[in-house]
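> Here you go, model_15.txt (compact mmCIF, C-alpha atoms):
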```
# COMPACT_ATOMS: atom_id res chain seq x y z
CA MET A 1 0.00 0.00 0.00
CA ARG A 2 0.97 3.61 -0.34
CA VAL A 3 1.30 6.17 2.45
CA TYR A 4 2.56 9.72 2.48
CA ILE A 5 5.26 10.59 4.99
CA ASN A 6 6.13 14.25 5.31
CA GLY A 7 4.57 14.79 1.92
CA GLU A 8 6.57 12.02 0.21
CA SER A 9 4.85 9.00 -1.27
CA ARG A 10 6.17 5.68 0.08
CA ASP A 11 5.32 2.08 -0.70
CA VAL A 12 4.90 0.03 2.44
CA GLN A 13 4.78 -3.78 2.68
CA GLY A 14 1.96 -5.34 4.70
CA THR A 15 0.08 -3.30 7.27
CA PRO A 16 2.63 -2.08 9.76
CA SER A 17 1.79 -0.18 12.90
CA LEU A 18 2.97 3.38 13.29
CA ALA A 19 5.64 2.13 15.71
CA GLU A 20 6.90 -0.36 13.11
CA LEU A 21 7.00 2.33 10.44
CA ILE A 22 9.04 4.60 12.68
CA THR A 23 11.45 1.77 13.46
CA GLN A 24 11.82 1.09 9.72
CA LEU A 25 12.58 4.75 9.10
CA ASP A 26 15.45 4.46 11.58
CA LEU A 27 14.73 7.77 13.27
CA ARG A 28 17.23 8.17 16.08
CA GLU A 29 15.85 11.23 17.75
CA ALA A 30 13.97 10.86 21.01
CA ARG A 31 11.95 14.04 20.80
CA ILE A 32 9.78 13.65 17.75
CA ALA A 33 6.03 13.82 17.35
CA VAL A 34 3.74 12.14 14.86
CA GLU A 35 0.53 13.18 13.20
CA LEU A 36 -1.68 10.71 11.34
CA ASN A 37 -4.21 12.28 8.99
CA ARG A 38 -3.86 15.60 10.82
CA GLU A 39 -4.32 14.21 14.34
CA VAL A 40 -1.47 13.81 16.81
CA VAL A 41 -0.87 10.20 17.80
CA ARG A 42 0.67 9.91 21.24
CA ARG A 43 3.80 7.85 21.51
CA SER A 44 2.03 5.35 23.77
CA GLU A 45 -0.44 4.68 20.94
CA TRP A 46 2.08 4.15 18.14
CA SER A 47 2.12 0.37 18.45
CA ARG A 48 -1.68 0.14 18.45
CA VAL A 49 -2.29 2.28 15.37
CA MET A 50 -2.23 0.26 12.12
CA LEU A 51 -1.51 2.11 8.91
CA ARG A 52 -3.99 2.13 6.07
CA ASP A 53 -3.63 2.84 2.38
CA GLU A 54 -3.33 6.55 1.55
CA ASP A 55 -2.61 7.54 5.17
CA ARG A 56 -0.86 10.85 5.57
CA ILE A 57 1.81 10.94 8.23
CA GLU A 58 3.78 13.90 9.49
CA ILE A 59 6.83 13.30 11.64
CA VAL A 60 8.41 16.38 13.17
CA HIS A 61 11.36 17.31 15.30
CA PHE A 62 12.86 20.57 16.50
CA VAL A 63 15.28 22.89 14.78
CA GLY A 64 16.94 26.16 15.66
CA GLY A 65 14.72 29.15 15.20
CA GLY A 66 13.55 32.39 16.63
CA SER A 67 10.67 33.60 14.57
CA ALA A 68 9.15 32.93 11.17
CA ALA A 69 12.00 32.59 8.69
CA ALA A 70 11.38 29.38 6.81
CA PRO A 71 8.24 29.11 4.76
CA TRP A 72 5.38 27.15 5.99
CA TRP A 73 5.89 23.43 6.12
CA LEU A 74 2.89 21.21 6.80
CA ALA A 75 1.27 20.04 3.63
CA THR A 76 -1.99 21.92 3.22
CA LYS A 77 -2.94 25.23 1.71
CA ARG A 78 -0.49 27.68 0.22
CA HIS A 79 -0.43 31.25 1.35
CA LYS A 80 -2.30 33.30 -1.23
CA SER A 81 -0.60 36.68 -1.46
CA MET B 82 13.73 20.94 33.90
CA SER B 83 13.70 24.70 33.98
CA THR B 84 15.64 26.89 36.31
CA ALA B 85 12.42 28.68 37.12
CA VAL B 86 11.66 29.07 40.78
CA THR B 87 8.36 29.66 42.52
CA ALA B 88 6.53 32.78 41.49
CA THR B 89 6.64 34.39 44.90
CA SER B 90 10.36 34.07 45.54
CA ASN B 91 11.51 37.22 43.80
CA PRO B 92 9.36 40.22 42.90
CA GLU B 93 11.78 40.99 40.10
CA SER B 94 11.16 37.71 38.29
CA LEU B 95 9.53 37.49 34.91
CA ILE B 96 6.31 35.63 35.55
CA VAL B 97 4.76 33.55 32.79
CA ALA B 98 1.66 31.61 33.83
CA GLY B 99 2.82 31.37 37.44
CA ARG B 100 6.34 30.32 36.50
CA ALA B 101 9.13 32.68 37.44
CA PHE B 102 12.27 33.33 35.44
CA SER B 103 15.03 35.47 36.88
CA SER B 104 16.09 36.59 33.39
CA ARG B 105 13.81 38.84 31.39
CA LEU B 106 15.55 37.88 28.18
CA ILE B 107 14.25 35.04 26.02
CA ILE B 108 16.33 34.08 23.04
CA GLY B 109 16.13 32.15 19.82
CA THR B 110 18.21 29.28 18.58
CA GLY B 111 18.36 30.04 14.86
CA LYS B 112 20.91 31.56 12.47
CA TYR B 113 24.01 30.81 14.58
CA ARG B 114 27.13 29.98 12.63
CA SER B 115 27.83 26.96 14.84
CA TYR B 116 26.39 25.11 17.80
CA GLY B 117 29.36 26.23 19.88
CA GLU B 118 28.66 29.85 19.08
CA MET B 119 25.01 29.35 20.02
CA ARG B 120 25.88 27.75 23.34
CA SER B 121 28.34 30.53 24.22
CA ALA B 122 25.72 33.15 23.39
CA HIS B 123 23.05 31.37 25.42
CA GLU B 124 25.41 31.12 28.37
CA ALA B 125 26.43 34.78 28.16
CA SER B 126 22.84 36.00 27.83
CA GLY B 127 21.75 34.56 31.16
CA ALA B 128 18.45 33.61 29.49
CA GLU B 129 16.54 30.73 31.02
CA MET B 130 14.12 30.21 28.16
CA VAL B 131 14.93 29.58 24.51
CA THR B 132 12.59 29.16 21.58
CA VAL B 133 12.81 26.40 18.96
CA ALA B 134 10.92 25.70 15.75
CA VAL B 135 9.05 22.56 14.67
CA ARG B 136 9.92 21.05 11.30
CA ARG B 137 9.55 17.83 9.38
CA VAL B 138 12.18 15.21 10.16
CA PRO B 139 14.36 14.55 7.10
CA LEU B 140 13.68 10.97 5.99
CA ASP B 141 16.69 10.48 3.74
CA ARG B 142 19.33 10.72 6.47
CA SER B 143 19.44 10.08 10.14
CA SER B 144 19.50 13.51 11.71
CA GLU B 145 21.01 14.39 15.02
CA SER B 146 18.80 16.04 17.57
CA PHE B 147 19.14 19.78 17.61
CA LEU B 148 17.82 19.80 21.18
CA ASP B 149 20.90 17.89 22.33
CA HIS B 150 22.92 21.02 21.61
CA LEU B 151 20.98 23.05 24.15
CA ASN B 152 21.82 23.31 27.83
CA PRO B 153 19.29 20.93 29.43
CA ALA B 154 18.64 23.46 32.19
CA LEU B 155 16.99 25.81 29.68
CA GLN B 156 13.22 25.96 29.44
CA ILE B 157 12.31 25.18 25.85
CA LEU B 158 9.62 27.36 24.32
CA PRO B 159 8.43 25.74 21.09
CA ASN B 160 7.10 28.13 18.48
CA THR B 161 4.78 27.87 15.52
CA ALA B 162 7.15 29.82 13.28
CA GLY B 163 6.42 29.47 9.61
CA CYS B 164 2.69 28.85 10.00
CA TYR B 165 0.35 30.94 7.88
CA THR B 166 -3.01 29.73 9.15
CA ALA B 167 -4.58 29.21 12.56
CA GLU B 168 -5.09 25.57 11.70
CA ASP B 169 -1.42 24.92 10.96
CA ALA B 170 -0.36 26.78 14.08
CA VAL B 171 -2.70 24.67 16.22
CA ARG B 172 -1.40 21.46 14.65
CA THR B 173 2.18 22.59 15.19
CA ALA B 174 1.53 23.46 18.83
CA ARG B 175 -0.07 20.08 19.47
CA LEU B 176 2.91 18.28 17.91
CA ALA B 177 5.33 20.34 19.99
CA ARG B 178 3.47 19.56 23.17
CA GLU B 179 3.47 15.86 22.39
CA ALA B 180 7.22 15.79 21.72
CA LEU B 181 8.38 18.10 24.51
CA GLN B 182 5.74 17.52 27.16
CA THR B 183 5.42 21.26 27.71
CA ASP B 184 2.25 23.30 27.48
CA LEU B 185 4.17 26.46 26.63
CA VAL B 186 3.87 27.73 23.07
CA LYS B 187 5.00 30.87 21.31
CA LEU B 188 2.13 31.30 18.91
CA GLU B 189 3.04 32.80 15.60
CA VAL B 190 0.81 33.02 12.55
CA ILE B 191 2.48 34.94 9.78
CA GLY B 192 0.44 36.94 7.30
CA ASP B 193 2.96 37.97 4.68
CA GLN B 194 6.32 36.64 3.52
CA THR B 195 8.00 39.98 2.89
CA THR B 196 7.27 41.65 6.20
CA LEU B 197 6.60 38.54 8.28
CA PHE B 198 3.96 40.61 9.98
CA PRO B 199 1.55 38.54 12.03
CA ASP B 200 -1.93 37.68 10.86
CA ASN B 201 -3.67 38.92 14.00
CA GLU B 202 -7.05 37.46 13.07
CA GLN B 203 -5.64 33.96 12.58
CA THR B 204 -3.48 34.36 15.68
CA LEU B 205 -6.51 35.10 17.82
CA GLU B 206 -8.41 32.19 16.32
CA ALA B 207 -5.55 29.82 17.13
CA ALA B 208 -5.12 31.30 20.62
CA VAL B 209 -8.76 30.59 21.48
CA VAL B 210 -8.39 26.94 20.49
CA LEU B 211 -5.04 26.44 22.21
CA VAL B 212 -6.10 28.06 25.49
CA LYS B 213 -9.12 25.75 25.56
CA GLU B 214 -6.76 22.81 25.13
CA GLY B 215 -4.72 23.90 28.14
CA PHE B 216 -1.77 25.52 26.41
CA VAL B 217 0.12 28.43 27.93
CA VAL B 218 -0.09 30.70 24.91
CA LEU B 219 2.38 33.49 24.18
CA PRO B 220 1.22 35.14 20.96
CA TYR B 221 3.33 37.26 18.61
CA PHE B 222 1.17 40.08 17.26
CA THR B 223 1.19 43.60 15.90
CA ASP B 224 1.77 46.20 18.61
CA ASP B 225 -1.88 47.13 18.94
CA LEU B 226 -3.75 47.68 22.20
CA ILE B 227 -7.10 46.36 21.01
CA MET B 228 -5.53 43.16 19.72
CA ALA B 229 -3.63 42.84 22.99
CA LYS B 230 -6.91 43.03 24.91
CA LYS B 231 -8.53 40.41 22.71
CA LEU B 232 -5.61 38.03 23.16
CA LEU B 233 -5.67 38.51 26.93
CA ASP B 234 -9.44 38.03 27.00
CA ALA B 235 -8.88 34.78 25.10
CA GLY B 236 -6.72 33.64 28.01
CA CYS B 237 -3.18 34.15 26.69
CA ALA B 238 -0.60 34.00 29.48
CA ALA B 239 1.43 36.86 28.05
CA ILE B 240 1.37 39.03 24.96
CA MET B 241 4.25 39.49 22.56
CA PRO B 242 4.00 42.63 20.48
CA LEU B 243 6.61 43.18 17.79
CA ALA B 244 9.07 46.07 18.01
CA ALA B 245 9.76 45.95 14.25
CA PRO B 246 9.69 43.29 11.52
CA ILE B 247 11.28 39.97 12.50
CA GLY B 248 15.02 39.97 11.86
CA SER B 249 15.04 43.62 10.79
CA GLY B 250 17.07 44.98 13.69
CA LEU B 251 15.23 48.30 13.40
CA GLY B 252 14.47 48.60 17.10
CA VAL B 253 11.23 49.82 18.68
CA GLN B 254 9.41 51.56 15.84
CA ASN B 255 6.38 52.65 17.78
CA PRO B 256 7.29 53.48 21.36
CA ALA B 257 3.96 55.21 21.91
CA ASN B 258 2.08 51.98 21.26
CA LEU B 259 4.18 50.09 23.78
CA ARG B 260 3.68 52.83 26.37
CA ILE B 261 -0.06 52.84 25.80
CA MET B 262 -0.17 49.05 26.12
CA ARG B 263 1.79 49.19 29.36
CA GLU B 264 -0.43 51.93 30.82
CA GLN B 265 -3.70 50.37 29.76
CA LEU B 266 -2.76 46.81 30.66
CA PRO B 267 -0.82 47.19 33.90
CA ASP B 268 -1.30 43.56 34.93
CA ALA B 269 -0.43 41.95 31.60
CA THR B 270 2.89 40.28 30.96
CA ILE B 271 4.24 42.07 27.89
CA ILE B 272 7.22 40.56 26.11
CA VAL B 273 8.52 42.49 23.13
CA ASP B 274 9.19 39.98 20.39
CA ALA B 275 11.14 40.67 17.24
CA GLY B 276 12.89 43.64 15.72
CA VAL B 277 15.56 44.65 18.21
CA GLY B 278 18.98 45.17 16.64
CA THR B 279 21.30 46.18 19.42
CA ALA B 280 21.48 46.69 23.16
CA SER B 281 19.91 50.15 23.24
CA ASP B 282 16.84 48.79 21.43
CA ALA B 283 16.34 46.22 24.18
CA ALA B 284 16.88 48.86 26.85
CA ILE B 285 14.27 51.11 25.23
CA ALA B 286 11.72 48.30 25.17
CA MET B 287 12.31 47.68 28.86
CA GLU B 288 12.26 51.40 29.73
CA LEU B 289 8.85 51.58 28.11
CA GLY B 290 7.65 48.99 30.60
CA ALA B 291 7.97 45.69 28.78
CA ASP B 292 8.33 42.74 31.14
CA GLY B 293 10.79 41.01 28.86
CA VAL B 294 12.25 40.86 25.37
CA LEU B 295 12.57 37.93 22.99
CA MET B 296 15.24 38.14 20.33
CA ASN B 297 17.21 35.96 17.96
CA THR B 298 18.86 37.69 15.01
CA ALA B 299 20.33 40.59 16.98
CA ILE B 300 22.50 38.12 18.87
CA ALA B 301 22.99 35.41 16.25
CA GLU B 302 24.01 37.81 13.47
CA ALA B 303 26.31 39.93 15.61
CA LYS B 304 30.00 39.56 14.74
CA ASP B 305 30.53 38.26 18.27
CA PRO B 306 27.26 36.70 19.44
CA ALA B 307 28.44 35.98 23.00
CA LYS B 308 29.53 39.59 23.44
CA MET B 309 26.22 40.85 22.08
CA ALA B 310 24.38 38.43 24.36
CA THR B 311 26.18 39.96 27.34
CA ALA B 312 25.30 43.44 26.08
CA MET B 313 21.65 42.41 25.77
CA LYS B 314 21.61 40.98 29.26
CA LEU B 315 22.97 44.24 30.69
CA ALA B 316 20.65 46.36 28.54
CA ILE B 317 17.61 44.44 29.72
CA GLU B 318 18.67 44.90 33.33
CA ALA B 319 19.45 48.58 32.82
CA GLY B 320 16.19 49.22 31.00
CA ARG B 321 14.20 47.44 33.68
CA LEU B 322 15.88 49.43 36.44
CA ALA B 323 15.27 52.69 34.61
CA TYR B 324 11.59 51.79 34.21
CA LEU B 325 11.26 50.98 37.91
CA ALA B 326 13.21 54.11 38.87
CA GLY B 327 10.72 56.26 36.94
CA ARG B 328 12.36 58.56 34.47
CA MET B 329 12.29 62.37 34.76
CA SER B 330 9.88 64.16 32.51
CA LYS B 331 11.16 65.70 29.34
CA ARG B 332 11.26 69.50 29.01
CA LEU B 333 11.98 71.61 26.00
CA TYR B 334 14.34 74.02 27.73
CA ALA B 335 17.31 73.73 30.06
CA SER B 336 16.93 73.40 33.79
CA ALA B 337 20.08 74.23 35.77
CA SER B 338 21.46 71.50 37.97
CA SER B 339 23.52 73.90 40.11
CA PRO B 340 22.06 76.58 42.42
CA LEU B 341 21.53 79.90 40.65
CA GLN B 342 22.43 81.93 43.78
CA GLY B 343 25.96 82.67 44.96
CA VAL B 344 27.71 82.78 41.63
CA ILE B 345 30.77 85.09 41.86
CA LYS B 346 30.48 88.39 40.11
```
Using structure tokens, write down the structure from this file.


Amino acid sequence: MRVYINGESRDVQGTPSLAELITQLDLREARIAVELNREVVRRSEWSRVMLRDEDRIEIVHFVGGGSAAAPWWLATKRHKS
Amino acid sequence: MSTAVTATSNPESLIVAGRAFSSRLIIGTGKYRSYGEMRSAHEASGAEMVTVAVRRVPLDRSSESFLDHLNPALQILPNTAGCYTAEDAVRTARLAREALQTDLVKLEVIGDQTTLFPDNEQTLEAAVVLVKEGFVVLPYFTDDLIMAKKLLDAGCAAIMPLAAPIGSGLGVQNPANLRIMREQLPDATIIVDAGVGTASDAAIAMELGADGVLMNTAIAEAKDPAKMATAMKLAIEAGRLAYLAGRMSKRLYASASSPLQGVIK
């Protein structure tokens, strides 16, 4: 099946849980957060949530920043003006 | 794991939602030339709270954690930088809370890419939602009294009016607005966010009655960030003292400081 992770299309074998997906992605950082179809999934729920075809997953971490700077990042609407 | 102490311990603390910080300076973590330079600047600034941005994890490489480069004693203030709608800001805040286990959020909804001015309408909309969800909301907004009142009515813990466009270094562009806000909202926690360029700008913000200043570029883009961080620390302290001391009133003409009688003829 196909899922979208941080806006990128990915083919996934079987029906892994969110926890399994994150293990496969080999993310080393402790402080990340995950959104599935625009809803935050708590870390304690990752192993119970099974992925489905066309799911949209956002995985975020923290970067240096003060204010604004980089353009908007989550995949939805574009700013109009 | 903040260095904050109880709110009653020191009347000169910066209070944010019942949490006290002995430094009135909050600083950013972006634009530094190296992690070492950032750490030195953070150390020199005396700041106890630093703001970080939320971004997608790169999937093509295993990335190191930026947070590991911060002093663990610092309170992390996640921000919604880069969001252009209330909805995206709310999503970002929720993700930050989940990852950091903090209810603090510097709410930022940008309205325009050239000026990076806030979209006040979207900011208020997001603030209402986030306060309901238990967040301690610190919104960045245009230095406008009416907007300030609306954000406070919505339950924001502090308000963060801009001094000038983000990263511009122009300093306080509308001192009258900050004075009016201070006078009309004596109980509000006002933290000037964005636009200071050098130490005197920070001092001016504090002299006008701000409770604190948040800055990033002024320190990060200085030739010597640690030195500028020290300057900012001193400026914030000096400005605060001057505000508490109560400045003399301005007059158009001279007023002699020495007695007029007894001058030799």

> Name the residues in contact with region 294-310 of chain B at a cut-off of 10 Å, using all atoms listed in the file, excluding same-chain residues fewer than 4 positions from it; report them as a ChimeraX atom specification.

/A:65-67 /B:104-115,118-128,130-132,241-244,247-252,271-280,282-284,286-287,314-317

> Give as a PyMOL selection string every residue of chain B that touches chain A within 9 Å, counting only C-alpha atoms.

chain B and resi 108-113+131-148+159-166+169+172-173+175-181+189-194+197+247-248+274-275+295-298

> Show me the residues around (-9.3, 32.3, 23.9) - criterion: an atom at most 7 Å away, all atoms listed in the file counted - as a list in words.

Ala208, Val209, Val210, Val212, Lys213, Leu232, Asp234, Ala235, Gly236 and Cys237 of chain B

> Just to confirm, what's the straight-line distance from CA of Gly293 (chain B) to CA of Lys230 (chain B) in Å (one decimal)?

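A separation of 18.2 Å between them.
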
> List the neighbours of Asn258 (chain B) out to 12 Å using all atoms listed in the file; skip same-chain residues closer than 3 positions along the sequence, and give me the result as a PDB file with C-alpha atoms, in the frame of the given file.


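So the final result, stored in result.pdb, reads:
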```pdb
ATOM      1  CA  THR B 223       1.190  43.600  15.900  1.00  0.00           C
ATOM      2  CA  ASP B 224       1.770  46.200  18.610  1.00  0.00           C
ATOM      3  CA  ASP B 225      -1.880  47.130  18.940  1.00  0.00           C
ATOM      4  CA  LEU B 226      -3.750  47.680  22.200  1.00  0.00           C
ATOM      5  CA  ILE B 227      -7.100  46.360  21.010  1.00  0.00           C
ATOM      6  CA  MET B 228      -5.530  43.160  19.720  1.00  0.00           C
ATOM      7  CA  ALA B 229      -3.630  42.840  22.990  1.00  0.00           C
ATOM      8  CA  PRO B 242       4.000  42.630  20.480  1.00  0.00           C
ATOM      9  CA  LEU B 243       6.610  43.180  17.790  1.00  0.00           C
ATOM     10  CA  ALA B 244       9.070  46.070  18.010  1.00  0.00           C
ATOM     11  CA  VAL B 253      11.230  49.820  18.680  1.00  0.00           C
ATOM     12  CA  GLN B 254       9.410  51.560  15.840  1.00  0.00           C
ATOM     13  CA  ASN B 255       6.380  52.650  17.780  1.00  0.00           C
ATOM     14  CA  ILE B 261      -0.060  52.840  25.800  1.00  0.00           C
ATOM     15  CA  MET B 262      -0.170  49.050  26.120  1.00  0.00           C
ATOM     16  CA  ARG B 263       1.790  49.190  29.360  1.00  0.00           C
ATOM     17  CA  GLU B 264      -0.430  51.930  30.820  1.00  0.00           C
ATOM     18  CA  GLN B 265      -3.700  50.370  29.760  1.00  0.00           C
ATOM     19  CA  LEU B 266      -2.760  46.810  30.660  1.00  0.00           C
ATOM     20  CA  VAL B 273       8.520  42.490  23.130  1.00  0.00           C
ATOM     21  CA  ALA B 286      11.720  48.300  25.170  1.00  0.00           C
ATOM     22  CA  LEU B 289       8.850  51.580  28.110  1.00  0.00           C
ATOM     23  CA  GLY B 290       7.650  48.990  30.600  1.00  0.00           C
ATOM     24  CA  ALA B 291       7.970  45.690  28.780  1.00  0.00           C
TER      25      ALA B 291
END
```

> Looking at all atoms listed in the file, which of A:Asp11, A:Met1, A:Ile22, A:Pro16 is the one that sits closest to Leu51 (chain A)?

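Under the stated criterion, the closest residue is A:Pro16.
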
> Quick one: distance from CA of Ala154 (chain B) to CA of Glu129 (chain B) in Å, one decimal?

7.7 Å

> If you measure from CA of Ile96 (chain B) to CA of Ser281 (chain B), what distance in Å do you get, rounded to one decimal?

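Atom-to-atom, CA of Ile96 (chain B) and CA of Ser281 (chain B) are spaced 23.4 Å apart.
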
> Show me, as a count of residues only, the residues that have an atom within 12 Å of Gly14 (chain A) when counting all atoms listed in the file, minus same-chain residues fewer than 6 positions from it.

9

> Please list as a PyMOL selection string every residue within 9 Å of Leu95 (chain B), counting only C-alpha atoms and excluding residues in the same chain fewer than 5 positions away.

chain B and resi 88+100-105+270+292-293

> Identify, on the basis of all atoms listed in the file, every residue whose closest approach to Ser47 (chain A) does not exceed 7 Å; exclude the query and any residue fewer than 4 positions from it along the same chain; express the result as a compact mmCIF listing (two decimals) with C-alpha atoms, keeping the file's coordinate frame.


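What follows is the written file selection.txt:
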```txt
# COMPACT_ATOMS: atom_id res chain seq x y z
CA SER A 17 1.79 -0.18 12.90
CA LEU A 18 2.97 3.38 13.29
CA ALA A 19 5.64 2.13 15.71
```
